[in-house]
Amino acid sequence: MKRILFIDRDGTLIEEPADEQIDSFSKLKFTPGVFRNLSFIREKLDFEFVMVSNQDGLGTDSFPEDTFWPVHNFILQTLEGEGIRFDDILIDPHFPEDHAPTRKPNTGLVEKYINNPEYDIANSYVIGDRETDRTFAQNIGCKSLILSDEGVTWNKIAEILFAGERIAEVKRVTKETDIHVCVNLDGTGKCDISTGLGFFDHMLEQIGKHGMMDLTIHTKGDLEVDEHHTIEDTAIALGECILNALGNKRGIERYGYSLPMDDCLCAVCLDFGGRPWLVWDAEFKREKIGEMPTEMFLHFFKSLSDAAKMNLNIKAEGQNEHHKIEGIFKALARALKMAVRRDIYHYELPSTKGTL
């Protein structure tokens, strides 16, 4: 079955001016990354390209057609020069107050695709820049990639379409803990974390926030016994989730490292090479920080390393115990961010062995 990219024009292919009308060449400016990435998508993937654009009042005195078509045709010719050809171009000229069934987010213009069994609408996408484009995708029954969303660029759109989203979920239930973890390696740092241990939540949030990954962790553990099972099992579930989200590891940087925090220097070097190992060089004099026993720090990182199948080397020096462990978690986050970065233009396994 065929898949479609329903692509908006103004604000998506070209930047949209304040008056929302591209009626002269002086207003024309292509969006950053559109040529390289759309050309890559057209060459490497099997999507059909369908432009769907609202052009308010096109053909009226306020927006005569003779100011629209020369610029529009130039846009198409320029894109075609980079190998970007549209299979269909659909333009609606109505104003919002007209409530036309063909104006986005209504689906009148694309009914011929929605009701056609030759097309895989569920795995097609709307690419746009507004909430109406997101609603348009929902009305069609397909996915959306919206450029106004945090972290979404043409580079990211091409990466997701070519290599897929890196989202994983793990549910781990034992007699001691009930854990749900969800990770989006290509997120924006959104976190929803609840383990019953306030300081532990704060540390886990550093991973999401500074690693620029969306992170959900809900843990219910036998805290009436002690903190051990909650911390250990959360590390195991998080490690498994990161490993699953990495998928085939093609195109990733693989390695990552370190940062200072006030009086402390924390180095976290890692390698997603598939061989778990932990080197731990950090001492803590306090028995607890918040509700978290300091003896569990090493245990957390050992469990995380084993479950994620990564080589983890951690060193920390300094006087303030809180700063020291927070610096380690932040350094881990930055190391993860660096190591999971993916380059679809060099989409190879980063190993001379041919496996990770």
# chains A, B, ... in the order shown; residues from 1 in each chain; ligands from 1
call {"tool": "closest_atom_pairs", "arguments": {"of": "range 251-292 of chain A", "to": "range 334-343 of chain A", "cutoff": "7 Å", "atoms": "only C-alpha atoms", "output": "JSON lines"}}
result
{"residue": "A:Gly251", "atom": "CA", "partner": "A:Arg342", "partner_atom": "CA", "distance": 5.0}
{"residue": "A:Ile252", "atom": "CA", "partner": "A:Arg342", "partner_atom": "CA", "distance": 4.3}
{"residue": "A:Glu253", "atom": "CA", "partner": "A:Ala339", "partner_atom": "CA", "distance": 4.8}
{"residue": "A:Arg254", "atom": "CA", "partner": "A:Ala339", "partner_atom": "CA", "distance": 4.4}
{"residue": "A:Tyr255", "atom": "CA", "partner": "A:Ala339", "partner_atom": "CA", "distance": 4.5}
{"residue": "A:Gly256", "atom": "CA", "partner": "A:Ala335", "partner_atom": "CA", "distance": 4.0}
{"residue": "A:Tyr257", "atom": "CA", "partner": "A:Ala335", "partner_atom": "CA", "distance": 4.4}
{"residue": "A:Ser258", "atom": "CA", "partner": "A:Ala335", "partner_atom": "CA", "distance": 6.7}
{"residue": "A:Val268", "atom": "CA", "partner": "A:Ala335", "partner_atom": "CA", "distance": 6.7}
{"residue": "A:Cys269", "atom": "CA", "partner": "A:Ala335", "partner_atom": "CA", "distance": 6.6}
{"residue": "A:Leu270", "atom": "CA", "partner": "A:Ala335", "partner_atom": "CA", "distance": 6.8}
call {"tool": "write_last_selection", "arguments": {"atoms": "N, CA, C and O atoms", "output": "CSV table (one decimal), in the first residue's frame"}}
result
chain,number,residue,atom,x,y,z
A,251,GLY,N,23.8,4.5,12.9
A,251,GLY,CA,23.9,5.9,12.8
A,251,GLY,C,24.1,6.6,14.1
A,251,GLY,O,24.3,7.8,14.1
A,252,ILE,N,24.2,5.9,15.3
A,252,ILE,CA,24.4,6.6,16.6
A,252,ILE,C,25.8,6.9,16.8
A,252,ILE,O,26.7,6.3,16.2
A,253,GLU,N,26.1,7.9,17.6
A,253,GLU,CA,27.4,8.3,18.0
A,253,GLU,C,28.1,7.3,18.8
A,253,GLU,O,29.3,7.1,18.7
A,254,ARG,N,27.3,6.6,19.6
A,254,ARG,CA,27.8,5.4,20.5
A,254,ARG,C,28.5,5.8,21.8
A,254,ARG,O,28.3,5.2,22.8
A,255,TYR,N,29.3,6.9,21.8
A,255,TYR,CA,30.1,7.3,23.0
A,255,TYR,C,29.6,8.6,23.5
A,255,TYR,O,29.0,9.4,22.8
A,256,GLY,N,30.0,8.9,24.8
A,256,GLY,CA,29.6,10.2,25.4
A,256,GLY,C,30.3,10.4,26.7
A,256,GLY,O,30.8,9.5,27.3
A,257,TYR,N,30.4,11.6,27.1
A,257,TYR,CA,31.0,12.0,28.4
A,257,TYR,C,30.6,13.4,29.0
A,257,TYR,O,29.6,13.9,28.5
A,258,SER,N,31.2,14.4,29.9
A,258,SER,CA,31.3,14.9,31.3
A,258,SER,C,31.0,16.3,31.6
A,258,SER,O,30.8,17.1,30.7
A,268,VAL,N,31.4,11.1,33.3
A,268,VAL,CA,30.6,9.9,33.0
A,268,VAL,C,30.9,9.6,31.5
A,268,VAL,O,30.4,10.3,30.6
A,269,CYS,N,31.7,8.5,31.3
A,269,CYS,CA,32.0,8.1,29.9
A,269,CYS,C,31.2,6.8,29.7
A,269,CYS,O,31.2,5.9,30.5
A,270,LEU,N,30.6,6.7,28.5
A,270,LEU,CA,29.8,5.5,28.2
A,270,LEU,C,30.0,5.0,26.8
A,270,LEU,O,30.4,5.8,25.9
call {"tool": "residues_around", "arguments": {"residues": "Leu5 in chain A", "least_positions_apart": "6", "cutoff": "9 Å", "atoms": "only C-alpha atoms", "output": "mmCIF file with N, CA, C and O atoms, in the first residue's frame"}}
result
data_model
loop_
_atom_site.group_PDB
_atom_site.id
_atom_site.type_symbol
_atom_site.label_atom_id
_atom_site.label_comp_id
_atom_site.auth_asym_id
_atom_site.auth_seq_id
_atom_site.Cartn_x
_atom_site.Cartn_y
_atom_site.Cartn_z
ATOM 1 N N PHE A 47 7.216 7.430 -0.093
ATOM 2 C CA PHE A 47 6.051 8.282 0.102
ATOM 3 C C PHE A 47 5.678 9.032 -1.182
ATOM 4 O O PHE A 47 6.553 9.493 -1.910
ATOM 5 N N GLU A 48 4.380 9.174 -1.428
ATOM 6 C CA GLU A 48 3.926 10.145 -2.411
ATOM 7 C C GLU A 48 3.856 11.506 -1.738
ATOM 8 O O GLU A 48 3.538 11.613 -0.555
ATOM 9 N N PHE A 49 4.163 12.565 -2.494
ATOM 10 C CA PHE A 49 4.148 13.923 -1.959
ATOM 11 C C PHE A 49 2.879 14.633 -2.441
ATOM 12 O O PHE A 49 2.666 14.778 -3.653
ATOM 13 N N VAL A 50 2.071 15.083 -1.492
ATOM 14 C CA VAL A 50 0.855 15.827 -1.819
ATOM 15 C C VAL A 50 0.887 17.147 -1.068
ATOM 16 O O VAL A 50 0.872 17.172 0.165
ATOM 17 N N MET A 51 0.946 18.256 -1.797
ATOM 18 C CA MET A 51 0.899 19.573 -1.162
ATOM 19 C C MET A 51 -0.558 19.926 -0.886
ATOM 20 O O MET A 51 -1.405 19.831 -1.769
ATOM 21 N N SER A 124 0.655 7.210 6.975
ATOM 22 C CA SER A 124 0.994 8.433 6.258
ATOM 23 C C SER A 124 1.138 9.566 7.263
ATOM 24 O O SER A 124 0.826 9.410 8.450
ATOM 25 N N TYR A 125 1.622 10.727 6.800
ATOM 26 C CA TYR A 125 1.894 11.851 7.694
ATOM 27 C C TYR A 125 1.398 13.152 7.102
ATOM 28 O O TYR A 125 1.435 13.342 5.878
ATOM 29 N N VAL A 126 0.969 14.051 7.983
ATOM 30 C CA VAL A 126 0.837 15.459 7.643
ATOM 31 C C VAL A 126 2.067 16.173 8.182
ATOM 32 O O VAL A 126 2.422 16.013 9.353
ATOM 33 N N ILE A 127 2.726 16.948 7.329
ATOM 34 C CA ILE A 127 3.852 17.770 7.761
ATOM 35 C C ILE A 127 3.419 19.230 7.639
ATOM 36 O O ILE A 127 3.087 19.694 6.542
#
call {"tool": "residues_around", "arguments": {"residues": "range 56-72 of chain A", "least_positions_apart": "2", "cutoff": "6 Å", "atoms": "only C-alpha atoms", "output": "MDAnalysis selection string"}}
result
chainID A and resid 23 74:75 93:95
call {"tool": "write_last_selection", "arguments": {"atoms": "C-alpha atoms", "output": "mmCIF file, in the first residue's frame"}}
result
data_model
loop_
_atom_site.group_PDB
_atom_site.id
_atom_site.type_symbol
_atom_site.label_atom_id
_atom_site.label_comp_id
_atom_site.auth_asym_id
_atom_site.auth_seq_id
_atom_site.Cartn_x
_atom_site.Cartn_y
_atom_site.Cartn_z
ATOM 1 C CA ASP A 23 2.420 37.558 -3.085
ATOM 2 C CA PHE A 74 9.030 29.351 -8.904
ATOM 3 C CA ILE A 75 8.797 27.430 -5.614
ATOM 4 C CA PRO A 93 -8.866 29.564 -1.599
ATOM 5 C CA HIS A 94 -11.571 29.977 1.058
ATOM 6 C CA PHE A 95 -11.521 32.243 4.100
#
call {"tool": "residues_around", "arguments": {"residues": "Glu80 in chain A", "least_positions_apart": "4", "cutoff": "12 Å", "atoms": "only C-alpha atoms", "output": "ChimeraX atom specification"}}
result
/A:35,38-39,42,73-76,84-87
call {"tool": "residues_around", "arguments": {"residues": "range 154-167 of chain A", "least_positions_apart": "5", "cutoff": "7 Å", "atoms": "only C-alpha atoms", "output": "compact mmCIF listing (two decimals) with N, CA and C atoms, in the first residue's frame"}}
result
# COMPACT_ATOMS: atom_id res chain seq x y z
N GLY A 33 16.79 23.74 5.87
CA GLY A 33 16.88 22.29 5.78
C GLY A 33 15.90 21.62 4.85
N VAL A 34 15.00 22.40 4.23
CA VAL A 34 13.95 21.77 3.44
C VAL A 34 14.51 21.07 2.21
N ASN A 37 16.68 17.72 3.12
CA ASN A 37 15.93 16.65 3.76
C ASN A 37 14.76 16.14 2.92
N ILE A 41 14.34 12.36 1.53
CA ILE A 41 13.12 11.58 1.71
C ILE A 41 12.60 11.09 0.36
N LEU A 145 3.78 15.56 11.90
CA LEU A 145 5.05 16.12 12.33
C LEU A 145 4.94 17.63 12.14
N VAL A 183 10.41 5.74 27.36
CA VAL A 183 11.49 6.63 26.94
C VAL A 183 11.30 7.01 25.48
N ASN A 184 11.44 8.30 25.20
CA ASN A 184 11.55 8.79 23.82
C ASN A 184 12.91 9.45 23.69
N LEU A 185 13.84 8.78 23.03
CA LEU A 185 15.21 9.29 22.92
C LEU A 185 15.29 10.58 22.13
N ASP A 186 14.27 10.87 21.34
CA ASP A 186 14.28 12.08 20.51
C ASP A 186 13.27 13.10 21.01
N ALA A 245 14.83 1.22 22.97
CA ALA A 245 14.62 2.42 22.16
C ALA A 245 15.75 2.62 21.15
N LEU A 246 16.95 2.20 21.48
CA LEU A 246 18.09 2.34 20.57
C LEU A 246 17.91 1.50 19.31
N ILE A 344 21.34 10.13 9.96
CA ILE A 344 20.82 9.28 8.88
C ILE A 344 21.64 9.39 7.61
call {"tool": "atom_distance", "arguments": {"atom1": "CA of Lys249 in chain A", "atom2": "CA of Met213 in chain A"}}
result
16.3 Å
call {"tool": "select_by_dssp", "arguments": {"residues": "range 87-335 of chain A", "states": "alpha helix (DSSP H)", "output": "ChimeraX atom specification"}}
result
/A:111-114,131-140,154-163,198-211,228-246,295-308,321-335
call {"tool": "select_by_dssp", "arguments": {"residues": "range 145-298 of chain A", "states": "strand (DSSP E or B)", "output": "ChimeraX atom specification"}}
result
/A:145-146,167-173,177-184,191-194,214-221,252,255-256,259-261,264-271,277-281,288-289,292-293
call {"tool": "decode", "arguments": {"residues": "range 228-242 of chain A", "atoms": "all heavy atoms", "output": "PDB file, in the first residue's frame"}}
result
ATOM      1  N   HIS A 228      15.885  -0.391  48.637  1.00  0.00           N
ATOM      2  CA  HIS A 228      16.744  -1.166  47.747  1.00  0.00           C
ATOM      3  C   HIS A 228      16.019  -1.622  46.478  1.00  0.00           C
ATOM      4  O   HIS A 228      16.488  -1.375  45.358  1.00  0.00           O
ATOM      5  CB  HIS A 228      17.305  -2.383  48.500  1.00  0.00           C
ATOM      6  CG  HIS A 228      18.308  -3.163  47.726  1.00  0.00           C
ATOM      7  ND1 HIS A 228      19.660  -3.149  48.026  1.00  0.00           N
ATOM      8  CD2 HIS A 228      18.183  -3.980  46.645  1.00  0.00           C
ATOM      9  CE1 HIS A 228      20.306  -3.927  47.172  1.00  0.00           C
ATOM     10  NE2 HIS A 228      19.428  -4.455  46.332  1.00  0.00           N
ATOM     11  N   HIS A 229      14.896  -2.302  46.638  1.00  0.00           N
ATOM     12  CA  HIS A 229      14.219  -2.873  45.470  1.00  0.00           C
ATOM     13  C   HIS A 229      13.700  -1.791  44.526  1.00  0.00           C
ATOM     14  O   HIS A 229      13.753  -1.947  43.305  1.00  0.00           O
ATOM     15  CB  HIS A 229      13.056  -3.764  45.924  1.00  0.00           C
ATOM     16  CG  HIS A 229      13.479  -4.905  46.790  1.00  0.00           C
ATOM     17  ND1 HIS A 229      12.780  -5.303  47.913  1.00  0.00           N
ATOM     18  CD2 HIS A 229      14.558  -5.723  46.723  1.00  0.00           C
ATOM     19  CE1 HIS A 229      13.389  -6.327  48.479  1.00  0.00           C
ATOM     20  NE2 HIS A 229      14.475  -6.597  47.775  1.00  0.00           N
ATOM     21  N   THR A 230      13.205  -0.694  45.084  1.00  0.00           N
ATOM     22  CA  THR A 230      12.697   0.400  44.256  1.00  0.00           C
ATOM     23  C   THR A 230      13.794   0.971  43.371  1.00  0.00           C
ATOM     24  O   THR A 230      13.609   1.177  42.159  1.00  0.00           O
ATOM     25  CB  THR A 230      12.116   1.516  45.151  1.00  0.00           C
ATOM     26  OG1 THR A 230      10.937   1.015  45.784  1.00  0.00           O
ATOM     27  CG2 THR A 230      11.777   2.760  44.348  1.00  0.00           C
ATOM     28  N   ILE A 231      14.962   1.217  43.930  1.00  0.00           N
ATOM     29  CA  ILE A 231      16.067   1.819  43.181  1.00  0.00           C
ATOM     30  C   ILE A 231      16.648   0.834  42.172  1.00  0.00           C
ATOM     31  O   ILE A 231      16.854   1.171  40.998  1.00  0.00           O
ATOM     32  CB  ILE A 231      17.148   2.319  44.157  1.00  0.00           C
ATOM     33  CG1 ILE A 231      16.580   3.448  45.032  1.00  0.00           C
ATOM     34  CG2 ILE A 231      18.394   2.792  43.397  1.00  0.00           C
ATOM     35  CD1 ILE A 231      17.472   3.851  46.183  1.00  0.00           C
ATOM     36  N   GLU A 232      16.891  -0.395  42.626  1.00  0.00           N
ATOM     37  CA  GLU A 232      17.496  -1.396  41.743  1.00  0.00           C
ATOM     38  C   GLU A 232      16.586  -1.721  40.564  1.00  0.00           C
ATOM     39  O   GLU A 232      17.021  -1.715  39.402  1.00  0.00           O
ATOM     40  CB  GLU A 232      17.794  -2.668  42.520  1.00  0.00           C
ATOM     41  CG  GLU A 232      18.370  -3.785  41.646  1.00  0.00           C
ATOM     42  CD  GLU A 232      18.588  -5.077  42.424  1.00  0.00           C
ATOM     43  OE1 GLU A 232      17.863  -5.315  43.409  1.00  0.00           O
ATOM     44  OE2 GLU A 232      19.479  -5.842  42.038  1.00  0.00           O
ATOM     45  N   ASP A 233      15.312  -2.000  40.835  1.00  0.00           N
ATOM     46  CA  ASP A 233      14.413  -2.415  39.764  1.00  0.00           C
ATOM     47  C   ASP A 233      14.104  -1.265  38.802  1.00  0.00           C
ATOM     48  O   ASP A 233      13.895  -1.483  37.606  1.00  0.00           O
ATOM     49  CB  ASP A 233      13.121  -2.974  40.359  1.00  0.00           C
ATOM     50  CG  ASP A 233      13.323  -4.335  41.016  1.00  0.00           C
ATOM     51  OD1 ASP A 233      14.488  -4.768  41.118  1.00  0.00           O
ATOM     52  OD2 ASP A 233      12.328  -4.959  41.422  1.00  0.00           O
ATOM     53  N   THR A 234      14.072  -0.038  39.302  1.00  0.00           N
ATOM     54  CA  THR A 234      13.898   1.112  38.416  1.00  0.00           C
ATOM     55  C   THR A 234      15.073   1.226  37.460  1.00  0.00           C
ATOM     56  O   THR A 234      14.898   1.499  36.262  1.00  0.00           O
ATOM     57  CB  THR A 234      13.752   2.411  39.233  1.00  0.00           C
ATOM     58  OG1 THR A 234      12.585   2.328  40.050  1.00  0.00           O
ATOM     59  CG2 THR A 234      13.642   3.626  38.317  1.00  0.00           C
ATOM     60  N   ALA A 235      16.282   1.009  37.964  1.00  0.00           N
ATOM     61  CA  ALA A 235      17.475   1.046  37.107  1.00  0.00           C
ATOM     62  C   ALA A 235      17.410  -0.030  36.024  1.00  0.00           C
ATOM     63  O   ALA A 235      17.739   0.222  34.859  1.00  0.00           O
ATOM     64  CB  ALA A 235      18.734   0.874  37.950  1.00  0.00           C
ATOM     65  N   ILE A 236      16.972  -1.223  36.403  1.00  0.00           N
ATOM     66  CA  ILE A 236      16.870  -2.322  35.436  1.00  0.00           C
ATOM     67  C   ILE A 236      15.866  -1.982  34.339  1.00  0.00           C
ATOM     68  O   ILE A 236      16.137  -2.135  33.138  1.00  0.00           O
ATOM     69  CB  ILE A 236      16.478  -3.635  36.140  1.00  0.00           C
ATOM     70  CG1 ILE A 236      17.608  -4.098  37.068  1.00  0.00           C
ATOM     71  CG2 ILE A 236      16.152  -4.724  35.120  1.00  0.00           C
ATOM     72  CD1 ILE A 236      17.229  -5.247  37.981  1.00  0.00           C
ATOM     73  N   ALA A 237      14.679  -1.500  34.744  1.00  0.00           N
ATOM     74  CA  ALA A 237      13.636  -1.175  33.769  1.00  0.00           C
ATOM     75  C   ALA A 237      14.066  -0.023  32.873  1.00  0.00           C
ATOM     76  O   ALA A 237      13.823  -0.036  31.662  1.00  0.00           O
ATOM     77  CB  ALA A 237      12.336  -0.834  34.496  1.00  0.00           C
ATOM     78  N   LEU A 238      14.711   0.994  33.447  1.00  0.00           N
ATOM     79  CA  LEU A 238      15.182   2.126  32.650  1.00  0.00           C
ATOM     80  C   LEU A 238      16.246   1.685  31.653  1.00  0.00           C
ATOM     81  O   LEU A 238      16.227   2.088  30.483  1.00  0.00           O
ATOM     82  CB  LEU A 238      15.737   3.214  33.567  1.00  0.00           C
ATOM     83  CG  LEU A 238      16.348   4.447  32.883  1.00  0.00           C
ATOM     84  CD1 LEU A 238      15.336   5.130  31.977  1.00  0.00           C
ATOM     85  CD2 LEU A 238      16.888   5.423  33.921  1.00  0.00           C
ATOM     86  N   GLY A 239      17.177   0.857  32.092  1.00  0.00           N
ATOM     87  CA  GLY A 239      18.217   0.357  31.193  1.00  0.00           C
ATOM     88  C   GLY A 239      17.642  -0.449  30.044  1.00  0.00           C
ATOM     89  O   GLY A 239      18.040  -0.281  28.883  1.00  0.00           O
ATOM     90  N   GLU A 240      16.683  -1.331  30.350  1.00  0.00           N
ATOM     91  CA  GLU A 240      16.039  -2.125  29.301  1.00  0.00           C
ATOM     92  C   GLU A 240      15.310  -1.223  28.307  1.00  0.00           C
ATOM     93  O   GLU A 240      15.340  -1.459  27.093  1.00  0.00           O
ATOM     94  CB  GLU A 240      15.048  -3.106  29.924  1.00  0.00           C
ATOM     95  CG  GLU A 240      15.686  -4.256  30.685  1.00  0.00           C
ATOM     96  CD  GLU A 240      14.653  -5.170  31.331  1.00  0.00           C
ATOM     97  OE1 GLU A 240      13.439  -4.850  31.238  1.00  0.00           O
ATOM     98  OE2 GLU A 240      15.041  -6.182  31.924  1.00  0.00           O
ATOM     99  N   CYS A 241      14.675  -0.184  28.825  1.00  0.00           N
ATOM    100  CA  CYS A 241      13.910   0.717  27.965  1.00  0.00           C
ATOM    101  C   CYS A 241      14.833   1.492  27.020  1.00  0.00           C
ATOM    102  O   CYS A 241      14.538   1.639  25.831  1.00  0.00           O
ATOM    103  CB  CYS A 241      13.111   1.672  28.849  1.00  0.00           C
ATOM    104  SG  CYS A 241      11.604   2.306  28.088  1.00  0.00           S
ATOM    105  N   ILE A 242      15.952   1.979  27.540  1.00  0.00           N
ATOM    106  CA  ILE A 242      16.919   2.689  26.698  1.00  0.00           C
ATOM    107  C   ILE A 242      17.470   1.759  25.620  1.00  0.00           C
ATOM    108  O   ILE A 242      17.580   2.129  24.446  1.00  0.00           O
ATOM    109  CB  ILE A 242      18.059   3.265  27.548  1.00  0.00           C
ATOM    110  CG1 ILE A 242      17.540   4.411  28.434  1.00  0.00           C
ATOM    111  CG2 ILE A 242      19.210   3.764  26.668  1.00  0.00           C
ATOM    112  CD1 ILE A 242      18.548   4.907  29.445  1.00  0.00           C
TER     113      ILE A 242
END
